Amino acid sequence: MRGEIIPLRPLTLAELLDAALELLRRNALGLLTVSAALAVIEQALLYPVRLVAGAIPPYWDPLNEDLGKFWLLFGVGLGSEAAIIGLLGGLAARAAVPALVDRPAPRWLLGRGSRIGGLLGLAGLLMCGALLTAAAGFLPWIFWYLFTGLAAPALVIDRLGPLGALGRSFALVARGRWRPGGIRLLGYLAWLSIRLALGFGGVALVRLFVHLPGRTWAIVITMIAWALVNTVAYAALGCLDAVLHLENRMRVEGLDLALDRALRRGIPPERILAARP
C-alpha cells in the first residue's frame with residue numbers, strides 16, 4: 001500500500017507512534033522552528049502569571065502557596081499548551097497528506113494552503129476550552145483533550161472552519177469509540193513524563209555545576225530549559241494528532257480504500273480528503 005511514512009491502512013498503536021515520530025523527523029526544520037518560537041512566546045506570556053502565583057524559581061512549593069493562584073497558573077498553562085499543539089497539529093497535517101500518498105511535503109509549512117487564519121481562530125477556541133475545563137476541576141479538561149485532538153487536522157485536511165473542525169473532531173473520536181482520544185492522551189502523558197524529567201533534571205544539573213549570580217539568572221535558565229523541552233514535545237504531539245486524524249478516517253470512513261481507488265484512477269487526493277459523509 002502507498003505511504004512510506006504513513007501506510008495507507010489502519011495502524012496499530014506502535015505504528016501510529018512510529019509514523020508520528022517519522023513525520024516529525026522528515027519535517028523537523030519547519031515544525032521545530034515554529035514550535036520553538038511558540039514555546040519561547042509561551043514562556044514569556046506565562047512569566048507574569050507566575051509572578052501573580054508566586055511560582056518563581058529557584059525555590060517554590062505549590063503546597064505552601066495560595067491554591068487559587070496556583071490553579072490559575074495551571075489552567076493558563078494547559079490553555080497555552082492546547083493552542084500550541086493545535087497550531088502544530090494543523091501544520092503537521094500539511095506534511096501528513098503528502099506522506100500518505102508518497103508526494104513531497106511543502107518546503108514551507110506556513111506558506112500558501114496552511115490556512116493560518118483558521119488555525120489561529122481554532123487555537124483560540126482550544127485555549128479557551130482548555131482553560132475553562134481546567135478551571136472547572138481538571139476532570140472536564142481530560143474529556144476536552146480527548147475529543148479535540150483531530151480538530152486542527154480536520155481544519156486543514158477536511159477544509160473546515162474552526163467551529164466545524166471542532167464538531168468534526170468530536171464526531172470522529174466518538175465514531176472511533178474514543179480510541180483516537182485515548183491514544184492522544186497516552187501520547188500526552190508519555191511526553192509529559194519526559195518533559196518533567198528533562199525540565200526539572202536539566203535545571204537541577206545547571207544549578208549543581210554553575211553558580212547563578214542572583215535570582216534573575218535562575219528564572220532565565222528555568223524558562224530556557226522548559227522552552228527547549230517543550231519545543232520537541234509540542235511538535236511530536238502535533239504530528240501525532242495529524243497521523244491520528246488520517247488513521248481514524250481510514251477506520252471509520254474507509255479513507256484508505258477511497259484514496260487507493262482515486263490514486264489508481266488519477267483523481268487528485270484532495271478531492272477525496274475534503275469529501276465528508
# chains A, B, ... in the order shown; residues from 1 in each chain; ligands from 1
>>> residues_around(residues="Ala235 (chain A)", least_positions_apart="2", cutoff="7 Å", atoms="only C-alpha atoms", output="list in words")
Leu31, Leu32, Ser35, Leu88, Thr231, Val232, Ala233, Leu237, Gly238 and Cys239 of chain A
>>> write_last_selection(atoms="C-alpha atoms", output="compact mmCIF listing (two decimals), in the first residue's frame")
# COMPACT_ATOMS: atom_id res chain seq x y z
CA LEU A 31 7.93 22.07 12.63
CA LEU A 32 10.65 22.57 15.25
CA SER A 35 7.42 25.02 17.82
CA LEU A 88 1.38 22.45 15.19
CA THR A 231 9.78 22.55 21.58
CA VAL A 232 10.24 18.85 20.81
CA ALA A 233 7.23 17.68 22.81
CA LEU A 237 2.21 15.81 19.78
CA GLY A 238 1.12 17.88 16.78
CA CYS A 239 2.41 15.16 14.45
>>> closest_atom_pairs(of="region 138-231 of chain A", to="region 113-116 of chain A", cutoff="10 Å", atoms="only C-alpha atoms", output="Markdown table")
| residue | atom | partner | partner_atom | distance |
| --- | --- | --- | --- | --- |
| A:Leu155 | CA | A:Arg115 | CA | 8.0 |
| A:Val156 | CA | A:Arg115 | CA | 6.6 |
| A:Ile157 | CA | A:Ser114 | CA | 9.8 |
| A:Arg159 | CA | A:Arg115 | CA | 8.8 |
| A:Leu160 | CA | A:Arg115 | CA | 9.9 |
| A:Gly161 | CA | A:Arg115 | CA | 9.6 |
>>> write_last_selection(atoms="N, CA and C atoms", output="short mmCIF file (atom, residue, chain, number, x, y, z; two decimals), in the first residue's frame")
data_model
loop_
_atom_site.label_atom_id
_atom_site.label_comp_id
_atom_site.auth_asym_id
_atom_site.auth_seq_id
_atom_site.Cartn_x
_atom_site.Cartn_y
_atom_site.Cartn_z
N LEU A 155 -9.39 20.88 10.13
CA LEU A 155 -9.46 22.22 9.54
C LEU A 155 -8.62 22.29 8.27
N VAL A 156 -7.42 21.70 8.31
CA VAL A 156 -6.51 21.78 7.17
C VAL A 156 -6.84 20.74 6.10
N ILE A 157 -7.05 19.50 6.51
CA ILE A 157 -7.25 18.41 5.55
C ILE A 157 -8.68 18.36 5.03
N ARG A 159 -10.81 20.79 5.15
CA ARG A 159 -11.21 22.13 4.67
C ARG A 159 -12.43 22.66 5.39
N LEU A 160 -12.39 22.66 6.71
CA LEU A 160 -13.50 23.15 7.53
C LEU A 160 -13.11 24.44 8.24
N GLY A 161 -14.12 25.16 8.74
CA GLY A 161 -13.86 26.30 9.58
C GLY A 161 -13.57 25.86 11.00
#
>>> residues_around(residues="region 224-226 of chain A", least_positions_apart="5", cutoff="9 Å", atoms="only C-alpha atoms", output="list in words")
Ala39, Val40, Gln43, Arg195, Leu196, Leu198, Gly199, Phe200, Gly202, Val203, Ile219 and Thr231 of chain A
>>> select_by_dssp(residues="region 23-124 of chain A", states="alpha helix (DSSP H)", output="ChimeraX atom specification")
/A:23-26,28-53,67-100,116-124
>>> residues_around(residues="Gly149 (chain A)", least_positions_apart="6", cutoff="9 Å", atoms="only C-alpha atoms", output="PyMOL selection string")
chain A and resi 85-86+89+166+169-170+173+180-181+184+238+241-242+244-245
>>> closest_residue(among="A:Leu263, A:Val243, A:Ala152, A:Leu186", to="Leu16 (chain A)", atoms="only C-alpha atoms")
A:Val243
>>> atom_distance(atom1="CA of Leu23 (chain A)", atom2="CA of Gly75 (chain A)")
29.8 Å
>>> residues_around(residues="Cys128 (chain A)", least_positions_apart="5", cutoff="12 Å", atoms="only C-alpha atoms", output="list in words")
Gly75, Val76, Gly77, Leu78, Gly79, Ser80, Glu81, Ala82, Ala83, Gly121, Leu122, Ala123, Thr133, Ala134, Ala135, Trp141 and Trp144 of chain A
>>> write_last_selection(atoms="C-alpha atoms", output="PDB file, in the first residue's frame")
ATOM      1  CA  GLY A  75      -5.153  26.450  33.836  1.00  0.00           C
ATOM      2  CA  VAL A  76      -3.340  29.091  31.782  1.00  0.00           C
ATOM      3  CA  GLY A  77      -0.519  26.626  31.146  1.00  0.00           C
ATOM      4  CA  LEU A  78      -2.920  23.964  29.889  1.00  0.00           C
ATOM      5  CA  GLY A  79      -4.641  26.562  27.732  1.00  0.00           C
ATOM      6  CA  SER A  80      -1.411  27.709  26.095  1.00  0.00           C
ATOM      7  CA  GLU A  81      -0.407  24.091  25.503  1.00  0.00           C
ATOM      8  CA  ALA A  82      -3.706  23.339  23.780  1.00  0.00           C
ATOM      9  CA  ALA A  83      -3.322  26.313  21.457  1.00  0.00           C
ATOM     10  CA  GLY A 121      -9.073  31.044  15.340  1.00  0.00           C
ATOM     11  CA  LEU A 122      -9.218  27.369  16.247  1.00  0.00           C
ATOM     12  CA  ALA A 123      -6.202  27.758  18.556  1.00  0.00           C
ATOM     13  CA  THR A 133     -12.300  22.971  31.655  1.00  0.00           C
ATOM     14  CA  ALA A 134      -9.118  23.004  33.756  1.00  0.00           C
ATOM     15  CA  ALA A 135     -10.617  25.683  35.994  1.00  0.00           C
ATOM     16  CA  TRP A 141     -10.140  19.052  30.723  1.00  0.00           C
ATOM     17  CA  TRP A 144     -11.709  18.233  26.239  1.00  0.00           C
TER      18      TRP A 144
END
>>> atom_distance(atom1="CA of Leu172 (chain A)", atom2="CA of Gly254 (chain A)")
12.6 Å
>>> atom_distance(atom1="CA of Leu132 (chain A)", atom2="CA of Ala44 (chain A)")
21.3 Å
>>> residues_around(residues="region 9-13 of chain A", least_positions_apart="2", cutoff="9 Å", atoms="only C-alpha atoms", output="list in words")
Met1, Arg2, Ile6, Pro7, Glu15, Leu16, Leu17, Asp18, Ile183, Glu247, Asn248, Arg249, Met250, Arg251, Leu255, Asp256 and Leu257 of chain A
>>> decode(residues="region 103-254 of chain A", atoms="C-alpha atoms", output="PDB file, in the first residue's frame")
ATOM      1  CA  ARG A 103       4.376  13.055  -2.538  1.00  0.00           C
ATOM      2  CA  PRO A 104       6.966  15.635  -1.424  1.00  0.00           C
ATOM      3  CA  ALA A 105       5.919  17.748   1.532  1.00  0.00           C
ATOM      4  CA  PRO A 106       5.656  21.548   1.136  1.00  0.00           C
ATOM      5  CA  ARG A 107       9.007  23.243   1.684  1.00  0.00           C
ATOM      6  CA  TRP A 108       7.388  25.921   3.826  1.00  0.00           C
ATOM      7  CA  LEU A 109       4.568  24.670   6.051  1.00  0.00           C
ATOM      8  CA  LEU A 110       3.372  28.197   6.807  1.00  0.00           C
ATOM      9  CA  GLY A 111       3.039  29.016   3.126  1.00  0.00           C
ATOM     10  CA  ARG A 112       0.018  29.003   0.876  1.00  0.00           C
ATOM     11  CA  GLY A 113      -2.524  26.383   1.904  1.00  0.00           C
ATOM     12  CA  SER A 114      -1.661  26.417   5.597  1.00  0.00           C
ATOM     13  CA  ARG A 115      -4.998  28.115   6.419  1.00  0.00           C
ATOM     14  CA  ILE A 116      -3.215  30.015   9.176  1.00  0.00           C
ATOM     15  CA  GLY A 117      -6.142  32.345   9.814  1.00  0.00           C
ATOM     16  CA  GLY A 118      -8.477  29.466  10.555  1.00  0.00           C
ATOM     17  CA  LEU A 119      -5.799  27.729  12.623  1.00  0.00           C
ATOM     18  CA  LEU A 120      -5.328  30.823  14.769  1.00  0.00           C
ATOM     19  CA  GLY A 121      -9.073  31.044  15.340  1.00  0.00           C
ATOM     20  CA  LEU A 122      -9.218  27.369  16.247  1.00  0.00           C
ATOM     21  CA  ALA A 123      -6.202  27.758  18.556  1.00  0.00           C
ATOM     22  CA  GLY A 124      -8.097  30.476  20.414  1.00  0.00           C
ATOM     23  CA  LEU A 125     -11.084  28.176  20.858  1.00  0.00           C
ATOM     24  CA  LEU A 126      -8.865  25.312  22.030  1.00  0.00           C
ATOM     25  CA  MET A 127      -7.100  27.575  24.504  1.00  0.00           C
ATOM     26  CA  CYS A 128     -10.318  28.963  25.986  1.00  0.00           C
ATOM     27  CA  GLY A 129     -11.858  25.500  26.236  1.00  0.00           C
ATOM     28  CA  ALA A 130      -8.778  24.024  27.916  1.00  0.00           C
ATOM     29  CA  LEU A 131      -8.510  26.911  30.378  1.00  0.00           C
ATOM     30  CA  LEU A 132     -12.188  26.763  31.348  1.00  0.00           C
ATOM     31  CA  THR A 133     -12.300  22.971  31.655  1.00  0.00           C
ATOM     32  CA  ALA A 134      -9.118  23.004  33.756  1.00  0.00           C
ATOM     33  CA  ALA A 135     -10.617  25.683  35.994  1.00  0.00           C
ATOM     34  CA  ALA A 136     -13.767  23.549  36.366  1.00  0.00           C
ATOM     35  CA  GLY A 137     -11.901  20.915  38.351  1.00  0.00           C
ATOM     36  CA  PHE A 138      -9.490  19.415  35.781  1.00  0.00           C
ATOM     37  CA  LEU A 139     -11.595  16.302  35.025  1.00  0.00           C
ATOM     38  CA  PRO A 140     -13.523  18.130  32.255  1.00  0.00           C
ATOM     39  CA  TRP A 141     -10.140  19.052  30.723  1.00  0.00           C
ATOM     40  CA  ILE A 142      -9.378  15.357  30.206  1.00  0.00           C
ATOM     41  CA  PHE A 143     -12.504  14.980  28.075  1.00  0.00           C
ATOM     42  CA  TRP A 144     -11.709  18.233  26.239  1.00  0.00           C
ATOM     43  CA  TYR A 145      -8.242  16.913  25.407  1.00  0.00           C
ATOM     44  CA  LEU A 146      -9.656  13.528  24.379  1.00  0.00           C
ATOM     45  CA  PHE A 147     -12.197  14.927  21.927  1.00  0.00           C
ATOM     46  CA  THR A 148     -10.482  17.965  20.361  1.00  0.00           C
ATOM     47  CA  GLY A 149      -7.231  16.481  19.036  1.00  0.00           C
ATOM     48  CA  LEU A 150      -8.493  15.936  15.487  1.00  0.00           C
ATOM     49  CA  ALA A 151      -9.808  19.484  15.077  1.00  0.00           C
ATOM     50  CA  ALA A 152      -6.679  21.139  13.662  1.00  0.00           C
ATOM     51  CA  PRO A 153      -6.004  18.379  11.094  1.00  0.00           C
ATOM     52  CA  ALA A 154      -9.707  18.467  10.156  1.00  0.00           C
ATOM     53  CA  LEU A 155      -9.465  22.216   9.537  1.00  0.00           C
ATOM     54  CA  VAL A 156      -6.511  21.782   7.166  1.00  0.00           C
ATOM     55  CA  ILE A 157      -7.248  18.410   5.552  1.00  0.00           C
ATOM     56  CA  ASP A 158     -11.063  18.395   5.525  1.00  0.00           C
ATOM     57  CA  ARG A 159     -11.208  22.133   4.667  1.00  0.00           C
ATOM     58  CA  LEU A 160     -13.497  23.150   7.529  1.00  0.00           C
ATOM     59  CA  GLY A 161     -13.862  26.304   9.580  1.00  0.00           C
ATOM     60  CA  PRO A 162     -12.818  26.437  13.265  1.00  0.00           C
ATOM     61  CA  LEU A 163     -16.253  25.536  14.668  1.00  0.00           C
ATOM     62  CA  GLY A 164     -16.876  22.899  12.023  1.00  0.00           C
ATOM     63  CA  ALA A 165     -13.448  21.383  12.703  1.00  0.00           C
ATOM     64  CA  LEU A 166     -14.223  21.154  16.420  1.00  0.00           C
ATOM     65  CA  GLY A 167     -17.503  19.407  15.716  1.00  0.00           C
ATOM     66  CA  ARG A 168     -15.804  17.095  13.234  1.00  0.00           C
ATOM     67  CA  SER A 169     -13.211  16.152  15.876  1.00  0.00           C
ATOM     68  CA  PHE A 170     -15.880  15.286  18.443  1.00  0.00           C
ATOM     69  CA  ALA A 171     -17.751  13.197  15.866  1.00  0.00           C
ATOM     70  CA  LEU A 172     -14.682  11.309  14.648  1.00  0.00           C
ATOM     71  CA  VAL A 173     -13.463  10.475  18.145  1.00  0.00           C
ATOM     72  CA  ALA A 174     -16.953   9.270  19.108  1.00  0.00           C
ATOM     73  CA  ARG A 175     -17.236   7.155  15.951  1.00  0.00           C
ATOM     74  CA  GLY A 176     -13.794   5.736  16.709  1.00  0.00           C
ATOM     75  CA  ARG A 177     -15.111   4.619  20.116  1.00  0.00           C
ATOM     76  CA  TRP A 178     -12.747   7.015  21.881  1.00  0.00           C
ATOM     77  CA  ARG A 179      -9.691   5.180  20.512  1.00  0.00           C
ATOM     78  CA  PRO A 180      -8.083   8.305  18.946  1.00  0.00           C
ATOM     79  CA  GLY A 181      -8.661  10.279  22.135  1.00  0.00           C
ATOM     80  CA  GLY A 182      -7.204   7.540  24.294  1.00  0.00           C
ATOM     81  CA  ILE A 183      -4.088   7.318  22.137  1.00  0.00           C
ATOM     82  CA  ARG A 184      -3.781  11.096  22.160  1.00  0.00           C
ATOM     83  CA  LEU A 185      -3.969  11.177  25.961  1.00  0.00           C
ATOM     84  CA  LEU A 186      -1.436   8.353  26.182  1.00  0.00           C
ATOM     85  CA  GLY A 187       0.949  10.331  23.979  1.00  0.00           C
ATOM     86  CA  TYR A 188       0.459  13.443  26.111  1.00  0.00           C
ATOM     87  CA  LEU A 189       1.212  11.546  29.330  1.00  0.00           C
ATOM     88  CA  ALA A 190       4.311   9.935  27.806  1.00  0.00           C
ATOM     89  CA  TRP A 191       5.690  13.284  26.682  1.00  0.00           C
ATOM     90  CA  LEU A 192       4.677  14.881  29.980  1.00  0.00           C
ATOM     91  CA  SER A 193       6.870  12.428  31.878  1.00  0.00           C
ATOM     92  CA  ILE A 194       9.758  13.151  29.505  1.00  0.00           C
ATOM     93  CA  ARG A 195       9.233  16.916  29.830  1.00  0.00           C
ATOM     94  CA  LEU A 196       9.140  16.792  33.622  1.00  0.00           C
ATOM     95  CA  ALA A 197      12.246  14.607  33.810  1.00  0.00           C
ATOM     96  CA  LEU A 198      14.272  16.700  31.366  1.00  0.00           C
ATOM     97  CA  GLY A 199      12.920  20.041  32.559  1.00  0.00           C
ATOM     98  CA  PHE A 200      13.475  19.602  36.281  1.00  0.00           C
ATOM     99  CA  GLY A 201      16.576  17.460  35.743  1.00  0.00           C
ATOM    100  CA  GLY A 202      18.186  19.955  33.379  1.00  0.00           C
ATOM    101  CA  VAL A 203      17.577  22.894  35.692  1.00  0.00           C
ATOM    102  CA  ALA A 204      18.916  20.950  38.680  1.00  0.00           C
ATOM    103  CA  LEU A 205      22.020  19.960  36.708  1.00  0.00           C
ATOM    104  CA  VAL A 206      22.750  23.557  35.727  1.00  0.00           C
ATOM    105  CA  ARG A 207      22.383  24.719  39.318  1.00  0.00           C
ATOM    106  CA  LEU A 208      24.649  21.925  40.502  1.00  0.00           C
ATOM    107  CA  PHE A 209      27.591  22.843  38.291  1.00  0.00           C
ATOM    108  CA  VAL A 210      27.020  26.531  37.534  1.00  0.00           C
ATOM    109  CA  HIS A 211      26.767  29.283  40.113  1.00  0.00           C
ATOM    110  CA  LEU A 212      23.927  31.602  39.069  1.00  0.00           C
ATOM    111  CA  PRO A 213      24.509  35.151  40.322  1.00  0.00           C
ATOM    112  CA  GLY A 214      21.073  36.161  41.566  1.00  0.00           C
ATOM    113  CA  ARG A 215      17.503  35.027  41.131  1.00  0.00           C
ATOM    114  CA  THR A 216      17.085  36.586  37.690  1.00  0.00           C
ATOM    115  CA  TRP A 217      19.505  34.115  36.122  1.00  0.00           C
ATOM    116  CA  ALA A 218      17.703  31.222  37.793  1.00  0.00           C
ATOM    117  CA  ILE A 219      14.454  32.406  36.244  1.00  0.00           C
ATOM    118  CA  VAL A 220      16.026  32.793  32.795  1.00  0.00           C
ATOM    119  CA  ILE A 221      17.711  29.379  32.890  1.00  0.00           C
ATOM    120  CA  THR A 222      14.478  27.721  34.006  1.00  0.00           C
ATOM    121  CA  MET A 223      12.456  29.349  31.213  1.00  0.00           C
ATOM    122  CA  ILE A 224      15.058  28.375  28.595  1.00  0.00           C
ATOM    123  CA  ALA A 225      15.114  24.769  29.825  1.00  0.00           C
ATOM    124  CA  TRP A 226      11.328  24.429  29.638  1.00  0.00           C
ATOM    125  CA  ALA A 227      11.196  26.105  26.219  1.00  0.00           C
ATOM    126  CA  LEU A 228      13.748  23.636  24.822  1.00  0.00           C
ATOM    127  CA  VAL A 229      11.952  20.594  26.226  1.00  0.00           C
ATOM    128  CA  ASN A 230       8.528  21.828  25.103  1.00  0.00           C
ATOM    129  CA  THR A 231       9.785  22.546  21.578  1.00  0.00           C
ATOM    130  CA  VAL A 232      10.245  18.853  20.809  1.00  0.00           C
ATOM    131  CA  ALA A 233       7.227  17.678  22.812  1.00  0.00           C
ATOM    132  CA  TYR A 234       4.750  20.082  21.189  1.00  0.00           C
ATOM    133  CA  ALA A 235       5.944  19.240  17.669  1.00  0.00           C
ATOM    134  CA  ALA A 236       5.728  15.491  18.364  1.00  0.00           C
ATOM    135  CA  LEU A 237       2.206  15.811  19.784  1.00  0.00           C
ATOM    136  CA  GLY A 238       1.119  17.881  16.784  1.00  0.00           C
ATOM    137  CA  CYS A 239       2.408  15.159  14.448  1.00  0.00           C
ATOM    138  CA  LEU A 240       0.568  12.525  16.466  1.00  0.00           C
ATOM    139  CA  ASP A 241      -2.700  14.462  16.036  1.00  0.00           C
ATOM    140  CA  ALA A 242      -2.200  14.665  12.263  1.00  0.00           C
ATOM    141  CA  VAL A 243      -1.473  10.935  11.924  1.00  0.00           C
ATOM    142  CA  LEU A 244      -4.373  10.036  14.242  1.00  0.00           C
ATOM    143  CA  HIS A 245      -6.802  12.051  12.137  1.00  0.00           C
ATOM    144  CA  LEU A 246      -5.898  10.278   8.905  1.00  0.00           C
ATOM    145  CA  GLU A 247      -5.712   6.830  10.507  1.00  0.00           C
ATOM    146  CA  ASN A 248      -9.068   7.240  12.237  1.00  0.00           C
ATOM    147  CA  ARG A 249     -10.689   8.271   8.962  1.00  0.00           C
ATOM    148  CA  MET A 250      -9.373   5.044   7.466  1.00  0.00           C
ATOM    149  CA  ARG A 251     -11.015   3.066  10.269  1.00  0.00           C
ATOM    150  CA  VAL A 252     -14.405   4.779  10.397  1.00  0.00           C
ATOM    151  CA  GLU A 253     -14.785   6.165   6.855  1.00  0.00           C
ATOM    152  CA  GLY A 254     -12.755   3.812   4.672  1.00  0.00           C
TER     153      GLY A 254
END
